[in-house]
Structures are given as C-alpha cells and as structure tokens.
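Visitor: So that you have it, the file is my_file.cif, and it contains mmCIF, C-alpha atoms:
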data_coords
#
loop_
_atom_site.label_atom_id
_atom_site.label_comp_id
_atom_site.auth_asym_id
_atom_site.auth_seq_id
_atom_site.Cartn_x
_atom_site.Cartn_y
_atom_site.Cartn_z
CA MET N 1 156.59 108.67 73.75
CA GLY N 2 159.85 107.97 71.94
CA PHE N 3 162.98 106.05 72.73
CA PRO N 4 165.69 107.96 74.60
CA ARG N 5 168.20 108.16 71.78
CA GLY N 6 171.41 109.64 70.52
CA LYS N 7 171.86 111.29 67.17
CA ILE N 8 174.64 111.97 64.69
CA THR N 9 174.03 115.52 63.56
CA GLU N 10 175.21 117.61 60.62
CA ARG N 11 177.09 120.84 61.33
CA ASP N 12 178.49 123.20 58.69
CA GLY N 13 178.18 120.46 56.11
CA MET N 14 180.33 118.05 58.15
CA ARG N 15 179.40 115.22 60.43
CA GLU N 16 179.73 116.05 64.12
CA SER N 17 181.05 112.50 64.60
CA GLU N 18 183.54 110.81 62.31
CA ILE N 19 182.09 107.44 63.37
CA ILE N 20 179.15 106.72 61.09
CA ASN N 21 179.82 103.10 60.10
CA VAL N 22 180.13 100.37 62.73
CA ALA N 23 180.64 96.62 62.70
CA LEU N 24 179.23 94.20 65.25
CA VAL N 25 181.30 91.05 65.60
CA GLY N 26 179.28 88.49 67.53
CA THR N 27 175.48 88.64 67.36
CA GLY N 28 174.31 86.94 70.54
CA VAL N 29 172.19 88.58 73.23
CA ILE N 30 174.54 91.55 73.63
CA GLY N 31 175.54 91.93 69.99
CA ARG N 32 171.96 91.98 68.76
CA SER N 33 171.06 94.66 71.31
CA TRP N 34 173.96 96.83 70.12
CA MET N 35 172.29 96.59 66.71
CA ARG N 36 169.37 98.59 68.07
CA VAL N 37 171.66 101.14 69.78
CA PHE N 38 173.70 102.01 66.70
CA SER N 39 171.02 101.79 64.01
CA ARG N 40 168.52 103.98 65.90
CA ALA N 41 171.22 106.65 66.23
CA GLY N 42 171.81 106.68 62.48
CA CYS N 43 174.88 104.48 62.08
CA CYS N 44 175.27 102.04 59.22
CA THR N 45 175.53 98.82 61.21
CA ARG N 46 177.26 95.79 59.71
CA LEU N 47 176.87 92.35 61.33
CA TYR N 48 179.26 89.45 61.35
CA ASP N 49 179.19 86.15 63.22
CA ASN N 50 181.09 83.02 62.23
CA ASP N 51 177.85 81.17 63.04
CA ARG N 52 175.51 82.28 60.28
CA SER N 53 172.49 80.82 62.06
CA GLN N 54 173.23 83.11 65.01
CA THR N 55 173.12 86.13 62.71
CA GLN N 56 169.76 85.03 61.35
CA LYS N 57 168.43 84.63 64.89
CA ALA N 58 169.68 88.13 65.70
CA LEU N 59 167.98 89.61 62.66
CA ALA N 60 164.72 87.86 63.56
CA TRP N 61 164.98 89.27 67.10
CA PHE N 62 165.75 92.72 65.65
CA GLU N 63 162.60 92.64 63.54
CA GLU N 64 160.43 91.44 66.42
CA SER N 65 161.92 94.05 68.75
CA LEU N 66 161.24 96.87 66.30
CA ASN N 67 157.67 95.71 65.72
CA LEU N 68 156.97 95.53 69.46
CA ASP N 69 158.34 99.03 70.00
CA VAL N 70 156.17 100.38 67.18
CA SER N 71 153.05 98.65 68.50
CA GLU N 72 153.67 99.94 72.02
CA GLY N 73 154.40 103.50 70.90
CA PHE N 74 158.10 103.77 71.73
CA ILE N 75 159.11 104.43 68.11
CA THR N 76 157.28 105.25 64.90
CA ALA N 77 156.99 102.97 61.90
CA LYS N 78 159.22 105.42 60.03
CA GLU N 79 161.91 105.19 62.71
CA ALA N 80 161.75 101.40 62.60
CA GLU N 81 162.15 101.43 58.84
CA SER N 82 165.13 103.78 59.14
CA SER N 83 166.81 101.35 61.52
CA ARG N 84 166.13 98.40 59.22
CA ALA N 85 167.68 100.23 56.28
CA LEU N 86 170.92 100.79 58.20
CA VAL N 87 171.53 97.14 59.16
CA SER N 88 173.27 94.62 56.92
CA ALA N 89 174.55 91.08 57.53
CA HIS N 90 177.85 89.86 56.08
CA ASP N 91 179.23 86.33 55.71
CA ASP N 92 182.82 87.55 55.20
CA LEU N 93 184.66 89.39 57.99
CA THR N 94 186.72 91.54 55.62
CA ASP N 95 183.54 92.64 53.90
CA ALA N 96 181.87 93.39 57.25
CA LEU N 97 184.78 95.58 58.37
CA SER N 98 185.11 97.48 55.10
CA GLY N 99 184.67 101.21 55.61
CA VAL N 100 183.83 101.09 59.31
CA GLN N 101 185.31 103.41 61.94
CA TYR N 102 184.29 101.44 65.04
CA ILE N 103 184.02 97.73 65.87
CA GLN N 104 182.05 96.33 68.82
CA GLU N 105 183.11 92.77 69.63
CA SER N 106 180.59 90.67 71.58
CA GLY N 107 181.95 87.15 71.30
CA PRO N 108 181.97 84.39 73.95
CA GLU N 109 183.27 85.40 77.38
CA LYS N 110 186.40 83.25 77.26
CA LEU N 111 189.86 84.80 77.24
CA GLU N 112 191.38 82.59 74.56
CA ILE N 113 188.43 83.20 72.24
CA LYS N 114 188.50 86.96 72.82
CA GLN N 115 192.25 86.99 72.13
CA MET N 116 191.77 85.05 68.91
CA ILE N 117 188.99 87.41 67.76
CA PHE N 118 191.03 90.51 68.57
CA ARG N 119 194.08 89.17 66.71
CA LEU N 120 191.88 88.66 63.68
CA LEU N 121 190.24 92.07 63.99
CA ASP N 122 193.60 93.80 64.46
CA GLN N 123 194.94 92.11 61.33
CA THR N 124 191.84 92.78 59.23
CA ALA N 125 190.56 96.24 60.21
CA ASP N 126 192.08 99.46 58.92
CA PRO N 127 194.70 100.84 61.36
CA GLU N 128 192.62 103.82 62.47
CA VAL N 129 189.53 101.78 63.40
CA ILE N 130 188.63 101.59 67.12
CA ILE N 131 188.17 98.02 68.35
CA ALA N 132 185.97 97.75 71.46
CA SER N 133 185.01 94.70 73.48
CA SER N 134 181.76 94.05 75.32
CA THR N 135 183.62 91.84 77.81
CA SER N 136 181.87 91.72 81.18
CA SER N 137 184.62 90.21 83.31
CA LEU N 138 187.93 89.84 81.46
CA ASP N 139 190.90 92.21 81.60
CA MET N 140 191.16 94.23 78.39
CA ASN N 141 194.93 94.32 78.87
CA GLN N 142 195.04 90.53 78.55
CA ILE N 143 192.63 90.43 75.62
CA ALA N 144 194.75 92.86 73.58
CA GLU N 145 198.15 91.77 74.91
CA GLY N 146 200.82 91.62 72.23
CA LEU N 147 198.69 93.11 69.47
CA HIS N 148 200.38 95.55 67.10
CA GLY N 149 197.28 97.74 67.35
CA ILE N 150 196.76 97.59 71.11
CA SER N 151 196.71 101.39 71.17
CA ARG N 152 193.28 101.36 69.43
CA CYS N 153 191.77 98.63 71.63
CA ILE N 154 189.35 99.43 74.47
CA MET N 155 186.64 97.87 76.61
CA ALA N 156 183.07 99.12 76.21
CA HIS N 157 181.06 96.89 78.55
CA PRO N 158 177.29 97.48 78.40
CA PHE N 159 174.67 96.51 80.92
CA ASN N 160 172.22 94.01 79.44
CA PRO N 161 170.34 94.89 77.30
CA PRO N 162 172.23 98.00 76.07
CA HIS N 163 169.41 99.28 73.88
CA ILE N 164 167.30 99.58 77.05
CA ILE N 165 169.92 100.20 79.78
CA PRO N 166 172.24 103.03 78.68
CA VAL N 167 175.25 102.67 81.00
CA VAL N 168 178.51 101.48 79.39
CA GLU N 169 181.73 100.91 81.33
CA VAL N 170 184.73 102.08 79.31
CA MET N 171 188.23 100.92 80.22
CA PRO N 172 191.34 101.50 78.11
CA THR N 173 194.31 99.18 78.19
CA ARG N 174 197.53 100.51 79.67
CA LYS N 175 198.65 101.19 76.08
CA THR N 176 195.42 102.58 74.62
CA ASN N 177 195.83 105.96 72.97
CA PRO N 178 194.05 108.59 75.13
CA GLU N 179 192.46 109.94 71.95
CA VAL N 180 190.84 106.53 71.40
CA THR N 181 189.40 106.63 74.92
CA LYS N 182 188.00 110.12 74.37
CA ALA N 183 186.62 109.26 70.94
CA THR N 184 184.93 106.12 72.29
CA ILE N 185 183.28 107.99 75.17
CA ASP N 186 182.16 110.82 72.90
CA PHE N 187 180.78 108.38 70.35
CA LEU N 188 178.83 106.37 72.92
CA LYS N 189 177.32 109.56 74.31
CA ARG N 190 176.14 110.48 70.81
CA MET N 191 174.61 107.04 70.54
CA GLY N 192 172.41 107.88 73.55
CA GLN N 193 174.42 105.75 75.99
CA LYS N 194 175.87 106.75 79.39
CA PRO N 195 179.58 105.84 79.28
CA VAL N 196 181.57 105.85 82.54
CA LEU N 197 185.36 105.65 82.68
CA VAL N 198 186.94 102.78 84.65
CA ASN N 199 190.55 103.67 85.44
CA PHE N 200 191.99 100.17 85.84
CA TYR N 201 190.98 96.52 85.85
CA VAL N 202 189.34 94.92 88.85
CA SER N 203 187.19 91.80 88.70
CA GLY N 204 183.60 92.77 87.89
CA TYR N 205 184.47 96.42 87.18
CA LEU N 206 181.98 98.85 88.75
CA ILE N 207 178.44 97.70 88.16
CA ASN N 208 178.91 93.96 88.60
CA ARG N 209 180.88 94.41 91.82
CA ILE N 210 178.05 96.47 93.29
CA GLN N 211 175.51 93.97 91.97
CA ALA N 212 177.51 91.04 93.38
CA ALA N 213 177.57 92.64 96.85
CA VAL N 214 173.77 92.98 96.81
CA VAL N 215 173.25 89.47 95.40
CA ARG N 216 175.51 87.96 98.06
CA GLU N 217 173.61 89.57 100.93
CA ALA N 218 170.20 88.81 99.37
CA ILE N 219 171.08 85.10 99.10
CA HIS N 220 172.47 85.00 102.64
CA GLN N 221 169.25 86.51 104.02
CA VAL N 222 167.22 83.73 102.38
CA GLU N 223 169.66 80.97 103.33
CA ARG N 224 169.68 82.09 106.98
CA GLY N 225 165.89 82.09 107.05
CA LEU N 226 165.77 85.80 107.80
CA ALA N 227 163.13 86.28 105.10
CA ASP N 228 161.79 84.58 101.99
CA VAL N 229 162.61 85.41 98.37
CA ASP N 230 159.58 87.66 97.89
CA ALA N 231 160.34 89.70 101.03
CA VAL N 232 163.96 90.27 99.99
CA ASP N 233 162.91 91.32 96.49
CA THR N 234 160.17 93.55 97.88
CA VAL N 235 162.55 95.65 99.97
CA ILE N 236 164.70 96.17 96.88
CA ARG N 237 161.90 96.58 94.31
CA ASP N 238 159.59 98.76 96.40
CA GLY N 239 162.20 100.33 98.67
CA LEU N 240 165.80 100.78 97.61
CA GLY N 241 165.09 100.37 93.91
CA LEU N 242 162.67 103.28 93.75
CA ARG N 243 165.38 105.65 94.96
CA TRP N 244 168.11 103.97 92.92
CA ALA N 245 166.12 104.65 89.76
CA LEU N 246 166.65 108.35 90.44
CA PHE N 247 170.01 108.55 92.24
CA GLY N 248 173.10 106.47 92.72
CA ASN N 249 174.36 105.42 96.14
CA PHE N 250 175.97 108.73 97.04
CA GLY N 251 173.09 110.74 95.59
CA VAL N 252 170.63 108.80 97.74
CA ASN N 253 172.78 109.27 100.84
CA ASN N 254 172.97 112.99 100.11
CA THR N 255 169.17 113.26 100.32
CA ASN N 256 168.94 111.27 103.58
CA ALA N 257 169.77 114.22 105.84
CA ASP N 258 168.90 117.90 105.72
CA GLY N 259 172.60 118.71 105.77
CA GLY N 260 173.42 116.38 102.92
CA ILE N 261 175.90 113.53 102.72
CA ARG N 262 178.41 115.03 105.19
CA GLU N 263 175.78 115.18 107.91
CA TYR N 264 174.42 111.76 106.96
CA TYR N 265 177.76 109.95 107.16
CA SER N 266 178.74 111.83 110.31
CA ARG N 267 175.48 110.85 112.03
CA PHE N 268 175.10 107.28 110.79
CA GLY N 269 178.67 106.20 110.07
CA GLU N 270 178.97 104.17 113.28
CA ALA N 271 175.61 102.48 112.67
CA TYR N 272 176.74 101.54 109.16
CA LYS N 273 180.00 100.13 110.53
CA THR N 274 178.05 97.91 112.94
CA VAL N 275 175.93 96.52 110.09
CA MET N 276 178.88 96.19 107.72
CA ASN N 277 180.87 94.26 110.31
CA ASP N 278 177.90 91.90 110.70
CA LEU N 279 177.59 91.18 106.98
CA ASP N 280 178.54 87.67 105.93
CA SER N 281 181.58 88.03 103.71
CA THR N 282 181.56 84.36 102.67
CA PRO N 283 180.36 83.95 99.08
CA PRO N 284 177.30 81.71 98.63
CA THR N 285 178.10 78.20 97.43
CA PHE N 286 175.63 78.27 94.52
CA ALA N 287 175.14 74.58 95.24
CA PRO N 288 172.25 72.87 93.40
CA ASP N 289 170.04 72.77 96.52
CA MET N 290 170.56 76.50 97.12
CA ILE N 291 169.78 77.32 93.48
CA GLU N 292 166.65 75.16 93.61
CA ARG N 293 165.51 76.84 96.84
CA ILE N 294 165.88 80.30 95.31
CA GLY N 295 164.27 79.04 92.09
CA ARG N 296 161.18 77.80 93.92
CA GLY N 297 160.90 81.15 95.66
CA VAL N 298 161.08 83.01 92.36
CA ASP N 299 158.52 80.64 90.80
CA ALA N 300 156.12 81.36 93.63
CA MET N 301 156.73 85.10 93.36
CA GLU N 302 156.30 85.33 89.57
CA GLY N 303 153.52 82.77 89.15
CA LYS N 304 153.00 81.30 85.67
CA THR N 305 153.95 84.41 83.71
CA PRO N 306 156.39 83.46 80.91
CA LEU N 307 159.89 84.86 81.36
CA SER N 308 159.71 86.49 77.91
CA ALA N 309 156.66 88.48 79.03
CA ILE N 310 158.41 89.51 82.24
CA CYS N 311 161.45 90.71 80.28
CA ARG N 312 159.28 92.70 77.88
CA TRP N 313 157.45 94.31 80.82
CA ARG N 314 160.87 95.18 82.28
CA ASP N 315 161.92 96.83 79.02
CA ARG N 316 158.70 98.84 78.76
CA MET N 317 158.92 100.07 82.34
CA VAL N 318 162.60 101.02 82.08
CA LEU N 319 161.92 102.99 78.91
CA ARG N 320 159.03 104.80 80.60
CA ILE N 321 161.17 105.57 83.65
CA ARG N 322 163.92 106.93 81.36
CA ALA N 323 161.37 109.06 79.52
CA LEU N 324 160.03 110.45 82.81
CA LYS N 325 163.54 111.29 83.99
CA GLU N 326 164.30 113.10 80.73
CA LYS N 327 161.01 115.01 80.96
CA ASP N 328 161.56 115.99 84.60
CA PRO N 329 165.37 116.01 85.15
CA ASN N 330 167.08 116.39 88.52
CA PRO N 331 167.26 120.15 89.12
#
Step by step, read the file and then write its structure as structure tokens.

Guide:
Amino acid sequence: MGFPRGKITERDGMRESEIINVALVGTGVIGRSWMRVFSRAGCCTRLYDNDRSQTQKALAWFEESLNLDVSEGFITAKEAESSRALVSAHDDLTDALSGVQYIQESGPEKLEIKQMIFRLLDQTADPEVIIASSTSSLDMNQIAEGLHGISRCIMAHPFNPPHIIPVVEVMPTRKTNPEVTKATIDFLKRMGQKPVLVNFYVSGYLINRIQAAVVREAIHQVERGLADVDAVDTVIRDGLGLRWALFGNFGVNNTNADGGIREYYSRFGEAYKTVMNDLDSTPPTFAPDMIERIGRGVDAMEGKTPLSAICRWRDRMVLRIRALKEKDPNP
C-alpha cells in the first residue's frame, strides 16, 4: 500500500508543471511536513530557517518519518531514497531561494513576524516566484500589505500534518494576480493535496471555524455535566466521524433521506432550528480549571499510551482510510 501522492509528469519532452523547485522557509511542525509533501512528488526541496538547530531537528524528523513509512509499508525504500535526494538545507536565504519557482513560508504565527519574513522574501526572490504562507489565522492581505510583489503573494494554509491530511485552504490577497491563484491551486493538486479556494478573509477560514464550532459545543457538554469526555469523543469518533471520513456536511445530509438533501432539510429544518437555538453561543473560558478537567478526562480515556504513539497511529489510520477511499471512490 503506497502513499496517496501527486506527481510531476513529463509530456512531449516538457514538464507538465513549471514548478519543480521549491523553498521552505520555516522548518517547524508545519514546515517539516511540507518537506514530505513536495519531495515525495518529485520537487527539489530547499530548506531555510534562521534557527539552524530547528532545521537539523526537521531533518532528523524527516529521516525518522521516512523510515517509519518504509517499515510500515506505506512507501518503498527506493521512494524514501528519492525523497532524501531531493531535500537540501541552506544556511543562507539567498542560496535557498536560488532557482525556485515556489516558496512556502511557515514561520511563527505572529503578524509582525510574518510581515518581516514576507518583506525579506519579496526583496530576495525572483519576481516571478510565488510566495505562499501557511498562516492558520492571519489575514493574507495584512501580511503582504505594502509589498511591491503583493500580486504574487497568496495563502496556502494546510491542515496539520499536510503530508498526511491533504486539504489546503488557498486565499489570494485582494491584489493577487488571478494567474498566481490558478497556478498555486494547480500545483498543489499535482503535489497530491486537496486545495480549496477561500474567497475572502474571515477569522479561522473554513476548516478552523467548523472545528471551533464543534470544539465549543463539546466543551460545553462536558462543563454542563451532560456527559464525560469519553462519551463526547465516542459520539464523534464512532458516530459522526465515520460518516465525515467519507462525506462533508452537505454530503452526509444528502444521504440522510431517500429524497436527498432537499427532502432532509425540508423535513428536519425546524428540528435543527430548535437545537441550534438551544446551543450555547458563549465561548468557553479556557480557564486553568476547565483545561485540567478536560485533561483528566483525556488522560483517563487514553490511558498511559505516549502521545507520540497515538499520533503515529493516527497517521497510519488516516493513510489507510485515504487508500481505501482511492481504491473504492464515491460513485
């Protein structure tokens, strides 16, 4: 069983994609995962981080990740070696950006730091290079505000970790060249990702807003004493989550009535309104006692299994689910 992957292919002696060399600026949890995405798809992947120790940690993680995937049968030893050969670390930013067509920035999630990084990238990179940010909450318009090259700047926000979870939210600035948006989406598709276009900025974008709504209600159910942590996670893990692995919200609703989503909303719209009106719209406080209460519930639910082992199990299972979906796609 192999990794779900993208591929840059040859056609009539020319590359199908003009983007074959990429630079990763910032090599933390997200940046290092992008390393897997781009290198497995055949891109020369150049790393830069102003903290050299962070780059070394990322490379060590990269090696361990490849070895685990080989040992568990997700990739072959030859595929792992091909990825290794495509990755290089650089101490100088100019050197790292030399010859690339695409930059993925994954620096700290602070506006002033992102702005500083983008000013530097805009000054250093060749004018035609796309500069994308992994920002998870900031407005790309603010990050790129005032830059001479704002027309080539774009958000490409992955869901963590991107080498396992393929969705990427893509949002152009108000001044981004439409051709840059199209090229970014096309490129990410070829990398094996699932880009979705976000038309304008709103806090949390798509995926984190939906996640925040679920997290808010889950916490409220525990705080009110309606159920314990394990019960709340069970109804998601062994109920809603099983369907969500196959369909999105509207796809699930479409299968909930013989007549599809029109019948479903017509029949159950009033019932939904009653529940929605009863939902607590007040955000949880995230006070220390609330966090500790949830933490104790999670500790009891997970037992003594190390978090690293839980995360690796998550990665394995997601990859197997993706492989099953590719083998037996929605008709």

Visitor: Between N:Asp49, N:Glu145, N:Glu105, N:Glu217, which is the closest to Met276 in chain N once you count all atoms listed in the file?

Guide: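 Closest residue, counting all atoms listed in the file: N:Glu217.
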
Visitor: With distances taken over only C-alpha atoms, which residue among N:Gly297, N:Pro158, N:Pro288, N:Gly248 lies nearest Ser33 in chain N?

Guide: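 For Ser33 in chain N, the nearest of the given residues is N:Pro158.
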
Visitor: Taking 4 positions as the minimum chain separation for residues in the same chain, which residues sit within 12 Å of Ala245 in chain N when counting all atoms listed in the file? Answer as a tab-separated table (two decimals) with C-alpha atoms, in the frame of the given file.

Guide:
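To be explicit, this is the file written out as result.tsv:
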chain	number	residue	atom	x	y	z
N	165	ILE	CA	169.92	100.20	79.78
N	236	ILE	CA	164.70	96.17	96.88
N	237	ARG	CA	161.90	96.58	94.31
N	238	ASP	CA	159.59	98.76	96.40
N	239	GLY	CA	162.20	100.33	98.67
N	240	LEU	CA	165.80	100.78	97.61
N	241	GLY	CA	165.09	100.37	93.91
N	249	ASN	CA	174.36	105.42	96.14
N	251	GLY	CA	173.09	110.74	95.59
N	252	VAL	CA	170.63	108.80	97.74
N	317	MET	CA	158.92	100.07	82.34
N	318	VAL	CA	162.60	101.02	82.08
N	319	LEU	CA	161.92	102.99	78.91
N	320	ARG	CA	159.03	104.80	80.60
N	321	ILE	CA	161.17	105.57	83.65
N	322	ARG	CA	163.92	106.93	81.36
N	324	LEU	CA	160.03	110.45	82.81
N	325	LYS	CA	163.54	111.29	83.99
N	330	ASN	CA	167.08	116.39	88.52

Visitor: Would you mind telling me which residue in N:Gly259, N:Pro195, N:Gly73, N:Gly99 lies nearest to Thr45 in chain N when using all atoms listed in the file?

Guide: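 The answer is N:Gly99, which sits nearest to Thr45 in chain N.
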
Visitor: Once the PyMOL selection byres ((chain N and resi 57) around 12) has been applied to the shown file, what residues remain in the selection, as a short mmCIF file (atom, residue, chain, number, x, y, z; two decimals) with C-alpha atoms, in the frame of the given file?

Guide:
data_model
loop_
_atom_site.label_atom_id
_atom_site.label_comp_id
_atom_site.auth_asym_id
_atom_site.auth_seq_id
_atom_site.Cartn_x
_atom_site.Cartn_y
_atom_site.Cartn_z
CA GLY N 26 179.28 88.49 67.53
CA THR N 27 175.48 88.64 67.36
CA GLY N 28 174.31 86.94 70.54
CA VAL N 29 172.19 88.58 73.23
CA GLY N 31 175.54 91.93 69.99
CA ARG N 32 171.96 91.98 68.76
CA LEU N 47 176.87 92.35 61.33
CA ASP N 49 179.19 86.15 63.22
CA ASP N 51 177.85 81.17 63.04
CA ARG N 52 175.51 82.28 60.28
CA SER N 53 172.49 80.82 62.06
CA GLN N 54 173.23 83.11 65.01
CA THR N 55 173.12 86.13 62.71
CA GLN N 56 169.76 85.03 61.35
CA ALA N 58 169.68 88.13 65.70
CA LEU N 59 167.98 89.61 62.66
CA ALA N 60 164.72 87.86 63.56
CA TRP N 61 164.98 89.27 67.10
CA PHE N 62 165.75 92.72 65.65
CA GLU N 63 162.60 92.64 63.54
CA GLU N 64 160.43 91.44 66.42
CA ALA N 89 174.55 91.08 57.53
#

Visitor: How many Å separate CA of Met116 in chain N from CA of Val100 in chain N?

Guide: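 We find that CA of Met116 in chain N and CA of Val100 in chain N lie 20.3 Å from each other.
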
Visitor: Rounded to one decimal, what separation in Å do you get between CA of Asp315 in chain N and CA of Arg293 in chain N?

Guide: 27.0 Å

Visitor: Using only C-alpha atoms, determine which residues lie at most 10 Å from Thr173 in chain N, disregarding the query and same-chain residues fewer than 5 positions distant; provide the list as a list in words.

Guide: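 The residues that qualify are Asp139, Met140, Asn141, Gln142, Ile143, Ala144, Glu145, Ile150, Ser151, Arg152, Cys153, Ile154, Met155, Pro178, Thr181, Asn199, Phe200 and Tyr201 of chain N.
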
Visitor: Contacts of Glu223 in chain N at 10 Å or less, counting only C-alpha atoms, minus same-chain residues fewer than 4 places along, as a count of residues only?

Guide: 10

Visitor: What's around Asn67 in chain N at 12 Å? Count only C-alpha atoms, leave out sequence neighbours fewer than 6 positions away in its own chain, and write the answer as a compact mmCIF listing (two decimals) with C-alpha atoms, in the frame of the given file.

Guide:
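The file below, around_33.txt, is the result:
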# COMPACT_ATOMS: atom_id res chain seq x y z
CA ALA N 60 164.72 87.86 63.56
CA TRP N 61 164.98 89.27 67.10
CA GLY N 73 154.40 103.50 70.90
CA PHE N 74 158.10 103.77 71.73
CA ILE N 75 159.11 104.43 68.11
CA THR N 76 157.28 105.25 64.90
CA ALA N 77 156.99 102.97 61.90
CA LYS N 78 159.22 105.42 60.03
CA GLU N 79 161.91 105.19 62.71
CA ALA N 80 161.75 101.40 62.60
CA GLU N 81 162.15 101.43 58.84
CA SER N 83 166.81 101.35 61.52
CA ARG N 84 166.13 98.40 59.22

Visitor: Rounded to one decimal, what separation in Å do you get between CA of Ser136 in chain N and CA of Ile30 in chain N?

Guide: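 Straight-line distance from CA of Ser136 in chain N to CA of Ile30 in chain N works out to 10.5 Å.
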
Visitor: Give me the residues near Ser98 in chain N as a list in words, where near means some atom within 9 Å (using only C-alpha atoms) and where sequence neighbours in that chain fewer than 6 positions away do not count.

Guide: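 My list of contacting residues is Ala23, Ala125 and Asp126 of chain N.
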
Visitor: Contacts between range 300-305 of chain N and range 182-251 of chain N, please, where a residue of range 182-251 of chain N counts if it comes within 12 Å (with all atoms listed in the file); show its shortest atom pair and distance in Å to one decimal, rows by chain and ascending number, as a Markdown table.

Guide:
| residue | atom | partner | partner_atom | distance |
| --- | --- | --- | --- | --- |
| N:Asp228 | CA | N:Met301 | CA | 10.0 |
| N:Val229 | CA | N:Met301 | CA | 7.7 |
| N:Asp230 | CA | N:Met301 | CA | 5.9 |
| N:Ala231 | CA | N:Met301 | CA | 9.6 |
| N:Val232 | CA | N:Met301 | CA | 11.1 |
| N:Asp233 | CA | N:Met301 | CA | 9.3 |
| N:Thr234 | CA | N:Met301 | CA | 10.2 |

Visitor: Rank N:His157, N:Tyr48, N:Asn21, N:Gly149 by their smallest atom-to-atom distance to Tyr102 in chain N, using only C-alpha atoms, and report the top residue only.

Guide: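 Of N:His157, N:Tyr48, N:Asn21, N:Gly149, the one nearest Tyr102 in chain N, counting only C-alpha atoms, is N:Asn21.
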
Visitor: Take the PyMOL selection byres ((chain N and resi 156) around 6), apply it to the structure above, and return the hits as a ChimeraX atom specification.

Guide: /N:132-134,155,157,169-170

Visitor: Name the residues that the PyMOL selection byres ((chain N and resi 167) around 12) picks from the file above, as a list in words, using the file's chain letters and numbers.

Guide: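 Applying the expression gives Val37, Ala156, His157, Pro158, Phe159, Asn160, Pro161, Pro162, His163, Ile164, Ile165, Pro166, Val168, Glu169, Val170, Ile185, Leu188, Lys189, Met191, Gly192, Gln193, Lys194, Pro195, Val196, Leu197, Leu206 and Ile207 of chain N.
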